[in-house]
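Peer 1: As input, take structure.pdb (PDB, C-alpha atoms):
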ATOM      1  CA  MET A 278    -186.121 199.572  21.667  1.00  0.00           C
ATOM      2  CA  LYS A 279    -185.277 201.300  24.946  1.00  0.00           C
ATOM      3  CA  ASP A 280    -188.917 200.999  26.087  1.00  0.00           C
ATOM      4  CA  PHE A 281    -188.863 197.306  25.258  1.00  0.00           C
ATOM      5  CA  GLY A 282    -185.668 196.826  27.264  1.00  0.00           C
ATOM      6  CA  ASP A 283    -187.048 198.757  30.243  1.00  0.00           C
ATOM      7  CA  ASN A 284    -190.324 196.830  30.180  1.00  0.00           C
ATOM      8  CA  PHE A 285    -188.470 193.535  29.923  1.00  0.00           C
ATOM      9  CA  LYS A 286    -186.248 194.422  32.904  1.00  0.00           C
ATOM     10  CA  ASN A 287    -189.273 195.463  34.965  1.00  0.00           C
ATOM     11  CA  GLU A 288    -191.105 192.228  34.164  1.00  0.00           C
ATOM     12  CA  LEU A 289    -187.990 190.230  34.991  1.00  0.00           C
ATOM     13  CA  ARG A 290    -187.680 192.001  38.379  1.00  0.00           C
ATOM     14  CA  GLU A 291    -191.334 191.213  39.140  1.00  0.00           C
ATOM     15  CA  ILE A 292    -190.784 187.556  38.314  1.00  0.00           C
ATOM     16  CA  ILE A 293    -187.677 187.396  40.508  1.00  0.00           C
ATOM     17  CA  GLU A 294    -189.508 189.068  43.397  1.00  0.00           C
ATOM     18  CA  GLU A 295    -192.382 186.589  43.041  1.00  0.00           C
ATOM     19  CA  VAL A 296    -190.009 183.615  43.027  1.00  0.00           C
ATOM     20  CA  LYS A 297    -188.177 184.906  46.114  1.00  0.00           C
ATOM     21  CA  LYS A 298    -191.382 185.199  48.158  1.00  0.00           C
ATOM     22  CA  PRO A 299    -191.588 182.597  50.902  1.00  0.00           C
ATOM     23  CA  ALA A 300    -194.059 179.757  50.483  1.00  0.00           C
ATOM     24  CA  ILE A 301    -197.343 180.431  52.216  1.00  0.00           C
ATOM     25  CA  HIS A 302    -198.844 177.594  54.194  1.00  0.00           C
ATOM     26  CA  THR A 303    -202.539 178.297  54.590  1.00  0.00           C
ATOM     27  CA  LEU A 304    -205.008 177.014  57.145  1.00  0.00           C
ATOM     28  CA  GLN A 305    -206.619 175.010  54.333  1.00  0.00           C
ATOM     29  CA  ASP A 306    -203.221 173.443  53.479  1.00  0.00           C
ATOM     30  CA  GLU A 307    -202.704 172.537  57.124  1.00  0.00           C
ATOM     31  CA  GLN A 308    -206.147 170.974  57.470  1.00  0.00           C
ATOM     32  CA  CYS A 309    -205.678 168.970  54.272  1.00  0.00           C
ATOM     33  CA  ASN A 310    -202.209 167.749  55.334  1.00  0.00           C
ATOM     34  CA  HIS A 311    -203.539 166.801  58.762  1.00  0.00           C
ATOM     35  CA  ALA A 312    -206.410 164.821  57.217  1.00  0.00           C
ATOM     36  CA  ILE A 313    -204.104 162.982  54.796  1.00  0.00           C
ATOM     37  CA  ASN A 314    -201.547 162.165  57.501  1.00  0.00           C
ATOM     38  CA  GLU A 315    -204.280 160.920  59.800  1.00  0.00           C
ATOM     39  CA  TYR A 316    -205.661 158.737  57.006  1.00  0.00           C
ATOM     40  CA  ILE A 317    -202.208 157.309  56.199  1.00  0.00           C
ATOM     41  CA  ASP A 318    -201.627 156.591  59.897  1.00  0.00           C
ATOM     42  CA  GLN A 319    -204.973 154.755  60.034  1.00  0.00           C
ATOM     43  CA  GLN A 320    -203.996 152.612  57.041  1.00  0.00           C
ATOM     44  CA  LEU A 321    -200.632 151.786  58.639  1.00  0.00           C
ATOM     45  CA  SER A 322    -202.346 150.901  61.920  1.00  0.00           C
ATOM     46  CA  CYS A 323    -204.627 148.533  60.006  1.00  0.00           C
ATOM     47  CA  ILE A 324    -201.563 146.793  58.570  1.00  0.00           C
ATOM     48  CA  ILE A 325    -200.220 146.190  62.072  1.00  0.00           C
ATOM     49  CA  ARG A 326    -203.577 144.957  63.326  1.00  0.00           C
ATOM     50  CA  GLU A 327    -204.587 142.844  60.316  1.00  0.00           C
ATOM     51  CA  ILE A 328    -201.320 141.009  59.591  1.00  0.00           C
ATOM     52  CA  LYS A 329    -199.722 141.226  63.051  1.00  0.00           C
ATOM     53  CA  ALA A 330    -196.731 143.266  61.860  1.00  0.00           C
ATOM     54  CA  ASP A 331    -194.638 145.046  64.478  1.00  0.00           C
ATOM     55  CA  ARG A 332    -194.050 148.199  62.445  1.00  0.00           C
ATOM     56  CA  ALA A 333    -195.600 149.833  59.375  1.00  0.00           C
ATOM     57  CA  LEU A 334    -193.877 152.660  57.495  1.00  0.00           C
ATOM     58  CA  PHE A 335    -194.604 154.998  54.604  1.00  0.00           C
ATOM     59  CA  PHE A 336    -191.546 156.087  52.617  1.00  0.00           C
ATOM     60  CA  SER A 337    -192.495 159.110  50.525  1.00  0.00           C
ATOM     61  CA  TYR A 338    -190.423 160.104  47.500  1.00  0.00           C
ATOM     62  CA  HIS A 339    -189.467 163.748  47.119  1.00  0.00           C
ATOM     63  CA  ASN A 340    -187.052 166.011  45.302  1.00  0.00           C
ATOM     64  CA  GLY A 341    -183.894 166.767  47.238  1.00  0.00           C
ATOM     65  CA  GLY A 342    -182.760 169.742  45.163  1.00  0.00           C
ATOM     66  CA  THR A 343    -180.684 169.624  42.005  1.00  0.00           C
ATOM     67  CA  ASP A 344    -177.080 169.191  40.948  1.00  0.00           C
ATOM     68  CA  ILE A 345    -175.219 171.917  39.045  1.00  0.00           C
ATOM     69  CA  LEU A 346    -176.639 170.652  35.742  1.00  0.00           C
ATOM     70  CA  GLY A 347    -180.206 170.894  37.010  1.00  0.00           C
ATOM     71  CA  ARG A 348    -180.721 167.127  37.411  1.00  0.00           C
ATOM     72  CA  GLY A 349    -182.998 166.405  40.360  1.00  0.00           C
ATOM     73  CA  PHE A 350    -181.785 164.442  43.356  1.00  0.00           C
ATOM     74  CA  GLN A 351    -184.319 161.778  44.123  1.00  0.00           C
ATOM     75  CA  LYS A 352    -184.745 161.278  47.838  1.00  0.00           C
ATOM     76  CA  MET A 353    -187.121 159.564  50.197  1.00  0.00           C
ATOM     77  CA  SER A 354    -188.158 160.018  53.795  1.00  0.00           C
ATOM     78  CA  ILE A 355    -190.311 158.123  56.239  1.00  0.00           C
ATOM     79  CA  THR A 356    -193.246 160.480  56.647  1.00  0.00           C
ATOM     80  CA  ASN A 357    -195.582 158.201  58.584  1.00  0.00           C
ATOM     81  CA  GLU A 358    -194.945 155.371  61.023  1.00  0.00           C
ATOM     82  CA  GLN A 359    -197.051 153.167  63.235  1.00  0.00           C
ATOM     83  CA  ASP A 360    -195.519 150.761  65.739  1.00  0.00           C
ATOM     84  CA  SER A 361    -196.730 148.077  68.098  1.00  0.00           C
ATOM     85  CA  SER A 362    -196.473 149.095  71.746  1.00  0.00           C
ATOM     86  CA  TRP A 363    -193.182 147.182  72.204  1.00  0.00           C
ATOM     87  CA  THR A 364    -191.479 148.544  69.079  1.00  0.00           C
ATOM     88  CA  ALA A 365    -189.347 151.684  69.096  1.00  0.00           C
ATOM     89  CA  PRO A 366    -189.994 154.256  66.331  1.00  0.00           C
ATOM     90  CA  VAL A 367    -187.375 154.732  63.596  1.00  0.00           C
ATOM     91  CA  MET A 368    -188.822 157.570  61.518  1.00  0.00           C
ATOM     92  CA  GLY A 369    -186.433 160.235  62.822  1.00  0.00           C
ATOM     93  CA  ASP A 370    -183.417 158.303  61.551  1.00  0.00           C
ATOM     94  CA  PHE A 371    -184.646 157.998  57.976  1.00  0.00           C
ATOM     95  CA  GLN A 372    -185.067 161.438  56.450  1.00  0.00           C
ATOM     96  CA  ASN A 373    -183.735 162.734  53.111  1.00  0.00           C
ATOM     97  CA  ILE A 374    -182.193 159.427  52.069  1.00  0.00           C
ATOM     98  CA  PRO A 375    -180.962 159.217  48.452  1.00  0.00           C
ATOM     99  CA  ARG A 376    -183.123 156.646  46.649  1.00  0.00           C
ATOM    100  CA  THR A 377    -180.082 155.381  44.745  1.00  0.00           C
ATOM    101  CA  MET A 378    -178.747 154.063  48.056  1.00  0.00           C
ATOM    102  CA  PHE A 379    -181.383 151.297  47.894  1.00  0.00           C
ATOM    103  CA  SER A 380    -181.149 150.459  44.189  1.00  0.00           C
ATOM    104  CA  ILE A 381    -182.159 146.783  44.481  1.00  0.00           C
ATOM    105  CA  LEU A 382    -185.154 147.605  46.656  1.00  0.00           C
ATOM    106  CA  PHE A 383    -186.165 150.321  44.192  1.00  0.00           C
ATOM    107  CA  LYS A 384    -185.716 148.037  41.149  1.00  0.00           C
ATOM    108  CA  ASN A 385    -187.845 145.298  42.716  1.00  0.00           C
ATOM    109  CA  LEU A 386    -190.629 147.737  43.570  1.00  0.00           C
ATOM    110  CA  ALA A 387    -190.497 149.365  40.125  1.00  0.00           C
ATOM    111  CA  ARG A 388    -190.639 146.003  38.358  1.00  0.00           C
ATOM    112  CA  ASN A 389    -192.888 143.907  40.631  1.00  0.00           C
ATOM    113  CA  ASN A 390    -194.656 146.456  42.891  1.00  0.00           C
ATOM    114  CA  ILE A 391    -193.650 144.292  45.849  1.00  0.00           C
ATOM    115  CA  TYR A 392    -190.449 143.207  47.567  1.00  0.00           C
ATOM    116  CA  CYS A 393    -190.791 140.364  50.066  1.00  0.00           C
ATOM    117  CA  ILE A 394    -187.926 139.450  52.350  1.00  0.00           C
ATOM    118  CA  LEU A 395    -188.916 136.279  54.190  1.00  0.00           C
ATOM    119  CA  ASP A 396    -185.549 135.999  55.946  1.00  0.00           C
ATOM    120  CA  LEU A 397    -183.407 139.104  56.208  1.00  0.00           C
ATOM    121  CA  ASN A 398    -180.245 136.995  55.961  1.00  0.00           C
ATOM    122  CA  ASP A 399    -181.309 135.898  52.447  1.00  0.00           C
ATOM    123  CA  ILE A 400    -180.489 139.358  51.037  1.00  0.00           C
ATOM    124  CA  LYS A 401    -177.304 140.013  53.006  1.00  0.00           C
ATOM    125  CA  GLU A 402    -174.996 139.412  50.028  1.00  0.00           C
ATOM    126  CA  GLU A 403    -177.077 140.707  47.099  1.00  0.00           C
ATOM    127  CA  ASP A 404    -178.774 143.714  48.735  1.00  0.00           C
ATOM    128  CA  GLY A 405    -176.484 144.961  51.479  1.00  0.00           C
ATOM    129  CA  ALA A 406    -178.076 148.408  51.742  1.00  0.00           C
ATOM    130  CA  SER A 407    -181.582 147.056  52.385  1.00  0.00           C
ATOM    131  CA  TYR A 408    -180.106 144.442  54.709  1.00  0.00           C
ATOM    132  CA  GLN A 409    -178.439 147.158  56.800  1.00  0.00           C
ATOM    133  CA  LEU A 410    -181.567 149.335  56.771  1.00  0.00           C
ATOM    134  CA  PHE A 411    -183.871 146.615  58.053  1.00  0.00           C
ATOM    135  CA  GLN A 412    -181.294 145.071  60.375  1.00  0.00           C
ATOM    136  CA  SER A 413    -181.021 148.442  62.130  1.00  0.00           C
ATOM    137  CA  HIS A 414    -184.791 148.098  62.784  1.00  0.00           C
ATOM    138  CA  ASN A 415    -184.311 144.556  64.148  1.00  0.00           C
ATOM    139  CA  ALA A 416    -186.692 143.314  61.444  1.00  0.00           C
ATOM    140  CA  LYS A 417    -186.621 139.624  60.543  1.00  0.00           C
ATOM    141  CA  GLN A 418    -189.214 139.615  57.735  1.00  0.00           C
ATOM    142  CA  ILE A 419    -190.179 142.579  55.562  1.00  0.00           C
ATOM    143  CA  ILE A 420    -192.831 143.218  52.929  1.00  0.00           C
ATOM    144  CA  CYS A 421    -192.551 146.398  50.833  1.00  0.00           C
ATOM    145  CA  GLN A 422    -195.366 147.516  48.518  1.00  0.00           C
ATOM    146  CA  ALA A 423    -194.987 150.270  45.887  1.00  0.00           C
ATOM    147  CA  LEU A 424    -197.358 153.218  45.705  1.00  0.00           C
ATOM    148  CA  LYS A 425    -197.891 154.068  42.046  1.00  0.00           C
ATOM    149  CA  THR A 426    -200.149 156.372  40.099  1.00  0.00           C
ATOM    150  CA  GLU A 427    -202.281 154.970  37.262  1.00  0.00           C
ATOM    151  CA  ASP A 428    -199.582 155.860  34.737  1.00  0.00           C
ATOM    152  CA  GLY A 429    -196.941 153.934  36.717  1.00  0.00           C
ATOM    153  CA  LEU A 430    -195.180 156.797  38.509  1.00  0.00           C
ATOM    154  CA  MET A 431    -193.922 155.466  41.846  1.00  0.00           C
ATOM    155  CA  VAL A 432    -194.507 158.038  44.597  1.00  0.00           C
ATOM    156  CA  GLY A 433    -193.233 155.952  47.497  1.00  0.00           C
ATOM    157  CA  PHE A 434    -193.796 152.641  49.231  1.00  0.00           C
ATOM    158  CA  ILE A 435    -195.172 151.155  52.404  1.00  0.00           C
ATOM    159  CA  VAL A 436    -193.402 148.598  54.560  1.00  0.00           C
ATOM    160  CA  ALA A 437    -194.594 145.963  57.024  1.00  0.00           C
ATOM    161  CA  GLU A 438    -191.850 144.770  59.367  1.00  0.00           C
ATOM    162  CA  PHE A 439    -191.992 141.643  61.490  1.00  0.00           C
ATOM    163  CA  ILE A 440    -189.680 141.670  64.502  1.00  0.00           C
ATOM    164  CA  THR A 441    -191.116 139.395  67.182  1.00  0.00           C
ATOM    165  CA  ILE A 442    -193.005 136.851  65.041  1.00  0.00           C
ATOM    166  CA  GLY A 443    -193.063 135.997  61.357  1.00  0.00           C
ATOM    167  CA  CYS A 444    -195.783 136.664  58.839  1.00  0.00           C
ATOM    168  CA  ALA A 445    -198.481 134.012  59.326  1.00  0.00           C
ATOM    169  CA  ASP A 446    -200.088 134.296  55.862  1.00  0.00           C
ATOM    170  CA  LEU A 447    -197.947 135.865  53.138  1.00  0.00           C
ATOM    171  CA  ASN A 448    -200.671 135.924  50.461  1.00  0.00           C
ATOM    172  CA  ARG A 449    -203.107 137.677  52.806  1.00  0.00           C
ATOM    173  CA  ALA A 450    -200.386 140.150  53.838  1.00  0.00           C
ATOM    174  CA  LYS A 451    -199.616 140.948  50.174  1.00  0.00           C
ATOM    175  CA  GLU A 452    -203.312 141.490  49.474  1.00  0.00           C
ATOM    176  CA  ILE A 453    -203.697 143.816  52.457  1.00  0.00           C
ATOM    177  CA  LEU A 454    -200.577 145.826  51.581  1.00  0.00           C
ATOM    178  CA  ASN A 455    -201.745 146.162  47.987  1.00  0.00           C
ATOM    179  CA  ARG A 456    -205.148 147.438  49.146  1.00  0.00           C
ATOM    180  CA  LYS A 457    -203.574 149.889  51.609  1.00  0.00           C
ATOM    181  CA  SER A 458    -201.153 151.153  48.947  1.00  0.00           C
ATOM    182  CA  LEU A 459    -204.065 151.918  46.616  1.00  0.00           C
ATOM    183  CA  ARG A 460    -205.915 153.753  49.373  1.00  0.00           C
ATOM    184  CA  ILE A 461    -202.887 155.844  50.368  1.00  0.00           C
ATOM    185  CA  THR A 462    -202.099 156.683  46.733  1.00  0.00           C
ATOM    186  CA  GLY A 463    -205.740 157.685  46.221  1.00  0.00           C
ATOM    187  CA  ALA A 464    -205.633 159.963  49.255  1.00  0.00           C
ATOM    188  CA  LEU A 465    -202.432 161.626  48.036  1.00  0.00           C
ATOM    189  CA  LEU A 466    -203.817 162.107  44.518  1.00  0.00           C
ATOM    190  CA  GLY A 467    -207.138 163.342  45.908  1.00  0.00           C
ATOM    191  CA  HIS A 468    -205.234 166.104  47.673  1.00  0.00           C
ATOM    192  CA  LEU A 469    -203.914 167.323  44.320  1.00  0.00           C
ATOM    193  CA  GLY A 470    -207.456 167.560  42.975  1.00  0.00           C
ATOM    194  CA  GLY A 471    -208.654 169.556  45.970  1.00  0.00           C
TER     195      GLY A 471
END
Would you write the structure of this file as structure tokens?
Peer 2:
Amino acid sequence: MKDFGDNFKNELREIIEEVKKPAIHTLQDEQCNHAINEYIDQQLSCIIREIKADRALFFSYHNGGTDILGRGFQKMSITNEQDSSWTAPVMGDFQNIPRTMFSILFKNLARNNIYCILDLNDIKEEDGASYQLFQSHNAKQIICQALKTEDGLMVGFIVAEFITIGCADLNRAKEILNRKSLRITGALLGHLGG
């Protein structure tokens, strides 16, 4: 029994030492991340060019740690942004945001895959958090498109913001955002497969 106890303690120490090791970011990881980020930026640039949006954003969902019961905090951050030449970037201001802060936005994306705000003032009363978010960007019209895996897991969303002019063709814009969301999701999932 003593040998069993000693072996168990030794194995436990090895596991703890392995867990405590810092994460290693390899050259291959860096190259892959660079390629994916470049691809996402290209897709966002296409949104700006094809539907005349002023800003395109990618909000990526991530785990923000856990509470004392082990329940994960669900957060999101803008990880990619493309802007027209006259639009100031906002990415630095939107990092590690609790997803529950934007519950109506999240519910609409989960249910419908899309959340269209044709006049920001229309949501002022019912969705104050999203109103404040997009008002701080000076956006007048907003189209959000969910990024989901085949089994329905939402991994984030992309946003097209219109500041200077409105969306000329909403159906075309929805189609383009849907196509870009599928491409970005595919790129992210492709990374997991190598």
Peer 1: Considering only C-alpha atoms, can you say which of A:Arg326, A:Lys451, A:Arg376, A:Lys352 comes closest to Ile391 in chain A?
Peer 2: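 Answer, going by the shortest atom-to-atom distance: A:Lys451.
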Peer 1: Measuring atom to atom with only C-alpha atoms, identify which of A:Glu291, A:Asp428, A:Asp318, A:Glu438 is nearest to Arg332 in chain A.
Peer 2: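 Among the listed residues, the smallest separation from Arg332 in chain A belongs to A:Glu438.
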Peer 1: To one decimal in Å, tell me the separation between CA of His311 in chain A and CA of Glu452 in chain A.
Peer 2: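 That distance, rounded to one decimal, is 27.0 Å.
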Peer 1: Between A:Asn389, A:Gln372, A:Gln320, A:Ser407, which one has atoms that come closest to Thr462 in chain A, using all atoms listed in the file?
Peer 2: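 Looking only at the distances to Thr462 in chain A, the closest residue turns out to be A:Gln320.
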Peer 1: Could you spell out the hits of the PyMOL selection byres ((chain A and resi 369-371) around 6) on the shown file, as an NGL selection string?
Peer 2: :A and (354-355 or 367-368 or 372)
Peer 1: Export, as a PDB file, in the coordinates of the input, the selected residues with C-alpha atoms.
Peer 2:
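Listed below is the output, part.pdb:
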ATOM      1  CA  SER A 354    -188.158 160.018  53.795  1.00  0.00           C
ATOM      2  CA  ILE A 355    -190.311 158.123  56.239  1.00  0.00           C
ATOM      3  CA  VAL A 367    -187.375 154.732  63.596  1.00  0.00           C
ATOM      4  CA  MET A 368    -188.822 157.570  61.518  1.00  0.00           C
ATOM      5  CA  GLN A 372    -185.067 161.438  56.450  1.00  0.00           C
TER       6      GLN A 372
END
Peer 1: Any chance you could work out the residue set of the PyMOL selection byres ((chain A and resi 333) around 12) here, as a CSV table (one decimal) with C-alpha atoms, keeping the file's coordinate frame?
Peer 2:
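And here's expr-v6.csv as it stands now:
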chain,number,residue,atom,x,y,z
A,317,ILE,CA,-202.2,157.3,56.2
A,318,ASP,CA,-201.6,156.6,59.9
A,319,GLN,CA,-205.0,154.8,60.0
A,320,GLN,CA,-204.0,152.6,57.0
A,321,LEU,CA,-200.6,151.8,58.6
A,322,SER,CA,-202.3,150.9,61.9
A,323,CYS,CA,-204.6,148.5,60.0
A,324,ILE,CA,-201.6,146.8,58.6
A,325,ILE,CA,-200.2,146.2,62.1
A,326,ARG,CA,-203.6,145.0,63.3
A,327,GLU,CA,-204.6,142.8,60.3
A,328,ILE,CA,-201.3,141.0,59.6
A,329,LYS,CA,-199.7,141.2,63.1
A,330,ALA,CA,-196.7,143.3,61.9
A,331,ASP,CA,-194.6,145.0,64.5
A,332,ARG,CA,-194.0,148.2,62.4
A,334,LEU,CA,-193.9,152.7,57.5
A,335,PHE,CA,-194.6,155.0,54.6
A,336,PHE,CA,-191.5,156.1,52.6
A,355,ILE,CA,-190.3,158.1,56.2
A,356,THR,CA,-193.2,160.5,56.6
A,357,ASN,CA,-195.6,158.2,58.6
A,358,GLU,CA,-194.9,155.4,61.0
A,359,GLN,CA,-197.1,153.2,63.2
A,360,ASP,CA,-195.5,150.8,65.7
A,361,SER,CA,-196.7,148.1,68.1
A,364,THR,CA,-191.5,148.5,69.1
A,365,ALA,CA,-189.3,151.7,69.1
A,366,PRO,CA,-190.0,154.3,66.3
A,367,VAL,CA,-187.4,154.7,63.6
A,368,MET,CA,-188.8,157.6,61.5
A,414,HIS,CA,-184.8,148.1,62.8
A,416,ALA,CA,-186.7,143.3,61.4
A,419,ILE,CA,-190.2,142.6,55.6
A,420,ILE,CA,-192.8,143.2,52.9
A,421,CYS,CA,-192.6,146.4,50.8
A,422,GLN,CA,-195.4,147.5,48.5
A,434,PHE,CA,-193.8,152.6,49.2
A,435,ILE,CA,-195.2,151.2,52.4
A,436,VAL,CA,-193.4,148.6,54.6
A,437,ALA,CA,-194.6,146.0,57.0
A,438,GLU,CA,-191.8,144.8,59.4
A,439,PHE,CA,-192.0,141.6,61.5
A,440,ILE,CA,-189.7,141.7,64.5
A,454,LEU,CA,-200.6,145.8,51.6
A,457,LYS,CA,-203.6,149.9,51.6
A,458,SER,CA,-201.2,151.2,48.9
